[in-house]
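> I'd like to ask you about the structure that follows.
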There are 2 protein chains.
Amino acid sequence: MRTKENRILIVEDEPKLASLLNDYLTSSGYTTEIISNGLKVVPSVRDNIPSLILLDIMLPGKDGMEICREIRTFSDLPIIMITARVEEVDRLMGLNIGADDYICKPFSPREMVARVKAVLRRAAGDTIRLEELKLDESKNRAELKGRPLDLTVVEFQLLKILASDPGRIYTRNQLIDRIYHDHRVVSDRTIDSHIKKLRKKITDVIPEYDFIHSVYGVGYKFETSD
Amino acid sequence: MRTKENRILIVEDEPKLASLLNDYLTSSGYTTEIISNGLKVVPSVRDNIPSLILLDIMLPGKDGMEICREIRTFSDLPIIMITARVEEVDRLMGLNIGADDYICKPFSPREMVARVKAVLRRAAGDTIRLEELKLDESKNRAELKGRPLDLTVVEFQLLKILASDPGRIYTRNQLIDRIYHDHRVVSDRTIDSHIKKLRKKITDVIPEYDFIHSVYGVGYKFETSD
DNA sequence: ACTCAATTTACACAGGTTTTACATAATTTT
DNA sequence: AAAATTATGTAAAACCTGTGTAAATTGAGT
């Protein structure tokens, strides 16, 4: 497996703090991007989903909480909120805004980096990420370049199995075994049907994405074109 | 019932400043009230609780800090303190008087309005706001685009749970668990019933709002159409 | 290389099943 | 008695599956 680069979006209007964050993150091996105006965050994220967002709560343009909620309507990407006061953390936690972690000013850069790492590690956990595809197993949700893929349960399973090991070829029987753990007997053609629907749903969202390939005489595999 | 307007109480003895504040706030859509004598503040607030108080510290009659403390004995309404000197802010913060924010003279009116907005938004506190939906958990009240949604307790719970994490899919059992914390055994179809009524009450108010979606084979989720 | 037959895959479509929507009724609470 | 909650039954919808047919792939024979 190839190491994927982690791009971190820093949303902070205080230039000094922003550049401090930037320095520490880049020297820890992350690539970064800084946005200081709250209004620009959501469009930017929609356009190009970062690996993680460091989000200050107090912002010109649009409030951090609001931004967080908005992002959560279309993506589960990790968000760490930065708040000025300790007491606020409890309140925020209670509000169930959907952030993955909170950090209070003033904080040590070292701590910040540690949290970023931790959140990224956790987030990698129950989701599969290829560059453009994201599968959240717990929620049975799939998204492609940030756009939701509306999959049925079987379709999701199928995609999950294939995508979890790109390049590996699965025979239809292997797929059947893994989708229906001995609960059911189904024909191979059924897999074809599901593959067909899955492919359609993917190309419906992004036409040039055809990463489900059939291997003649063997089965199917998942592979990105590049 | 109509949408409640945000009434801001300005406590300021310097007439010029008071009227400046007044002008900016009214032109930002708030209704205002001005009190110049410290002694009159607490009775006025007790009588009719404003949405927010802008409170100068130096006042004839009674000190701003004292007023703040007194108000905090009976209400959590947002208070922004106005102070003359920057150094004082730190001291005040340390004193833990209970104000929500501090602002120093001289300040730009624009900044002031921004702070008022921010504090009000924060103070909305235990309410969930999506663009059109507002849920006040403490009062069990819901409104849609300002129009009240007359929900029963179960319906409110249901909507609250779903709306608090848009996009997340809840199975019927998860919903049951969270509505009746082991107090009761109910069938899944019951959830369907409540969902149906909830949907109707929502579309009765605004027909094109259909943000409760079923996910075949899994459960329900809340999601705005755009 | 070309053709052809055998095999495999793609896909449209339909039957059958599961799940959901909704009206209605029964029960419980207020 | 009225309102709210829960349960039930039935129609509608969504989904899964398999079939048949067309298209693609392969490899052998020419």
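Residues in the structure tokens are named by chain (A, B, ... in the order shown) and by number from 1 within that chain; ligands are numbered from 1 in the order shown.
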Pull the closest atom pair for each residue of chain C that gets at most 9 Å from chain A, along with the distance in Å to one decimal, counting only C-alpha atoms (C1' of nucleotides), ordering rows by chain and then ascending residue number, as JSON lines.

{"residue": "C:DT7", "atom": "C1'", "partner": "A:Gly217", "partner_atom": "CA", "distance": 8.4}
{"residue": "C:DT8", "atom": "C1'", "partner": "A:Gly217", "partner_atom": "CA", "distance": 6.3}
{"residue": "C:DT9", "atom": "C1'", "partner": "A:Tyr216", "partner_atom": "CA", "distance": 7.7}
{"residue": "C:DA10", "atom": "C1'", "partner": "A:Lys196", "partner_atom": "CA", "distance": 7.6}
{"residue": "C:DC11", "atom": "C1'", "partner": "A:Lys196", "partner_atom": "CA", "distance": 7.6}
> Kindly determine which residues of chain D lie within 8 Å of chain B, considering only C-alpha atoms (C1' of nucleotides), and give the answer as a VMD selection string.
chain D and resid 4 6 to 7 14
> Take the selection from the previous step and output its residues with C-alpha atoms (C1' of nucleotides), as a PDB file, in the first residue's frame.

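File produced: selection-v2.pdb:
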ATOM      1  C1'  DA D   4     -50.763  10.572  23.078  1.00  0.00           C
ATOM      2  C1'  DT D   6     -48.422   1.804  20.587  1.00  0.00           C
ATOM      3  C1'  DA D   7     -49.771  -2.016  17.684  1.00  0.00           C
ATOM      4  C1'  DA D  14     -37.385  -0.890  -2.653  1.00  0.00           C
TER       5       DA D  14
END
> Taking a cut-off of 7 Å and counting only C-alpha atoms, can you build a table that, for each residue of chain B near chain A, reports the nearest atom pair and how far apart they are in Å (one decimal), sorted by chain then residue number, as JSON lines?

{"residue": "B:Asp126", "atom": "CA", "partner": "A:Leu95", "partner_atom": "CA", "distance": 6.6}
{"residue": "B:Ser164", "atom": "CA", "partner": "A:Asn96", "partner_atom": "CA", "distance": 6.8}
{"residue": "B:Pro166", "atom": "CA", "partner": "A:Thr73", "partner_atom": "CA", "distance": 5.7}
{"residue": "B:Gly167", "atom": "CA", "partner": "A:Thr73", "partner_atom": "CA", "distance": 6.1}
{"residue": "B:Arg168", "atom": "CA", "partner": "A:Lys139", "partner_atom": "CA", "distance": 6.4}
{"residue": "B:Ile169", "atom": "CA", "partner": "A:Lys139", "partner_atom": "CA", "distance": 6.1}
> Generate a file of the selected residues that holds N, CA and C atoms, formatted as a PDB file, in the first residue's frame.

ATOM      1  N   ASP B 126     -28.384  25.233  24.129  1.00  0.00           N
ATOM      2  CA  ASP B 126     -28.821  23.865  23.991  1.00  0.00           C
ATOM      3  C   ASP B 126     -29.876  23.716  22.915  1.00  0.00           C
ATOM      4  N   SER B 164     -29.702  15.777  15.277  1.00  0.00           N
ATOM      5  CA  SER B 164     -28.466  16.147  15.944  1.00  0.00           C
ATOM      6  C   SER B 164     -27.250  15.595  15.218  1.00  0.00           C
ATOM      7  N   PRO B 166     -26.944  14.933  11.348  1.00  0.00           N
ATOM      8  CA  PRO B 166     -27.493  14.767  10.011  1.00  0.00           C
ATOM      9  C   PRO B 166     -26.663  13.813   9.173  1.00  0.00           C
ATOM     10  N   GLY B 167     -27.338  12.969   8.460  1.00  0.00           N
ATOM     11  CA  GLY B 167     -26.645  12.023   7.600  1.00  0.00           C
ATOM     12  C   GLY B 167     -26.446  10.682   8.264  1.00  0.00           C
ATOM     13  N   ARG B 168     -26.338  10.718   9.559  1.00  0.00           N
ATOM     14  CA  ARG B 168     -26.150   9.448  10.262  1.00  0.00           C
ATOM     15  C   ARG B 168     -27.431   8.631  10.229  1.00  0.00           C
ATOM     16  N   ILE B 169     -27.250   7.342   9.980  1.00  0.00           N
ATOM     17  CA  ILE B 169     -28.414   6.473   9.907  1.00  0.00           C
ATOM     18  C   ILE B 169     -28.617   5.789  11.243  1.00  0.00           C
TER      19      ILE B 169
END
> Calculate how many Å separate atom CA of Asp56 of chain A from atom CA of Lys40 of chain A, rounding to one decimal.
13.6 Å
> Expressed in Å to a single decimal, how great is the separation between atom CA of Arg110 of chain A and atom CA of Leu21 of chain A?
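It comes out at 9.9 Å.
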> Kindly give the distance, in Å, that separates atom CA of Ile79 of chain B and atom CA of Glu137 of chain B, rounded to a single decimal.
21.9 Å
> Name all residues at most 12 Å from DG29 of chain D (count only C-alpha atoms (C1' of nucleotides); drop same-chain ones fewer than 4 positions away) and give them as a ChimeraX atom specification.
/C:2-5
> Can you tell me which residues surround Ser51 of chain B at a distance of at most 6 Å, considering only C-alpha atoms (C1' of nucleotides), apart from same-chain residues fewer than 6 positions away, and format the answer as a ChimeraX atom specification?
/B:6-8
> Residues as selected, all heavy atoms, written as a PDB file, in the first residue's frame, can you do that?

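The result, written out as out_34.pdb:
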ATOM      1  N   ASN B   6     -34.879  39.551  18.799  1.00  0.00           N
ATOM      2  CA  ASN B   6     -33.817  39.687  19.776  1.00  0.00           C
ATOM      3  C   ASN B   6     -33.781  41.108  20.331  1.00  0.00           C
ATOM      4  O   ASN B   6     -33.506  42.057  19.623  1.00  0.00           O
ATOM      5  CB  ASN B   6     -32.479  39.355  19.141  1.00  0.00           C
ATOM      6  CG  ASN B   6     -32.212  37.866  19.157  1.00  0.00           C
ATOM      7  OD1 ASN B   6     -32.512  37.199  20.155  1.00  0.00           O
ATOM      8  ND2 ASN B   6     -31.676  37.336  18.079  1.00  0.00           N
ATOM      9  N   ARG B   7     -34.062  41.187  21.625  1.00  0.00           N
ATOM     10  CA  ARG B   7     -34.068  42.504  22.249  1.00  0.00           C
ATOM     11  C   ARG B   7     -32.785  42.662  23.042  1.00  0.00           C
ATOM     12  O   ARG B   7     -32.415  41.802  23.840  1.00  0.00           O
ATOM     13  CB  ARG B   7     -35.273  42.633  23.182  1.00  0.00           C
ATOM     14  CG  ARG B   7     -35.541  44.053  23.666  1.00  0.00           C
ATOM     15  CD  ARG B   7     -36.877  44.098  24.391  1.00  0.00           C
ATOM     16  NE  ARG B   7     -36.858  43.207  25.549  1.00  0.00           N
ATOM     17  CZ  ARG B   7     -36.466  43.586  26.766  1.00  0.00           C
ATOM     18  NH1 ARG B   7     -36.067  44.831  26.996  1.00  0.00           N
ATOM     19  NH2 ARG B   7     -36.499  42.734  27.769  1.00  0.00           N
ATOM     20  N   ILE B   8     -32.090  43.739  22.783  1.00  0.00           N
ATOM     21  CA  ILE B   8     -30.815  43.961  23.451  1.00  0.00           C
ATOM     22  C   ILE B   8     -30.895  45.145  24.395  1.00  0.00           C
ATOM     23  O   ILE B   8     -31.349  46.228  24.011  1.00  0.00           O
ATOM     24  CB  ILE B   8     -29.707  44.182  22.404  1.00  0.00           C
ATOM     25  CG1 ILE B   8     -29.580  42.901  21.578  1.00  0.00           C
ATOM     26  CG2 ILE B   8     -28.390  44.551  23.063  1.00  0.00           C
ATOM     27  CD1 ILE B   8     -28.475  42.912  20.588  1.00  0.00           C
TER      28      ILE B   8
END
> Give me every strand (DSSP E) residue in segment 56-191 of chain A, going by DSSP on the backbone, as a list in words.
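These are the residues in question: Asp56, Ile79, Ile80, Met81, Ile82, Thr83, Asp101, Tyr102, Ile103, Cys104, Thr127, Ile128, Arg129, Leu133, Lys134, Leu135, Asp136, Arg141, Ala142, Glu143, Leu144, Arg147, Pro148, Leu149, Ile169, Tyr170 and Thr171 of chain A.
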> Please identify the helix (DSSP H, G or I) residues within segment 12-100 of chain A (assignment by DSSP from backbone atoms) and present them as a ChimeraX atom specification.
/A:15-27,38-47,64-72,86-95
> Just want the 12 Å neighbourhood of Ile53 of chain B, counted on only C-alpha atoms (C1' of nucleotides), with same-chain residues fewer than 5 positions away dropped. Output as a PyMOL selection string.
chain B and resi 6-12+21+31-35+41-42+44-45+64+67-68+71-72+75-82+99-102+115-116+119-120
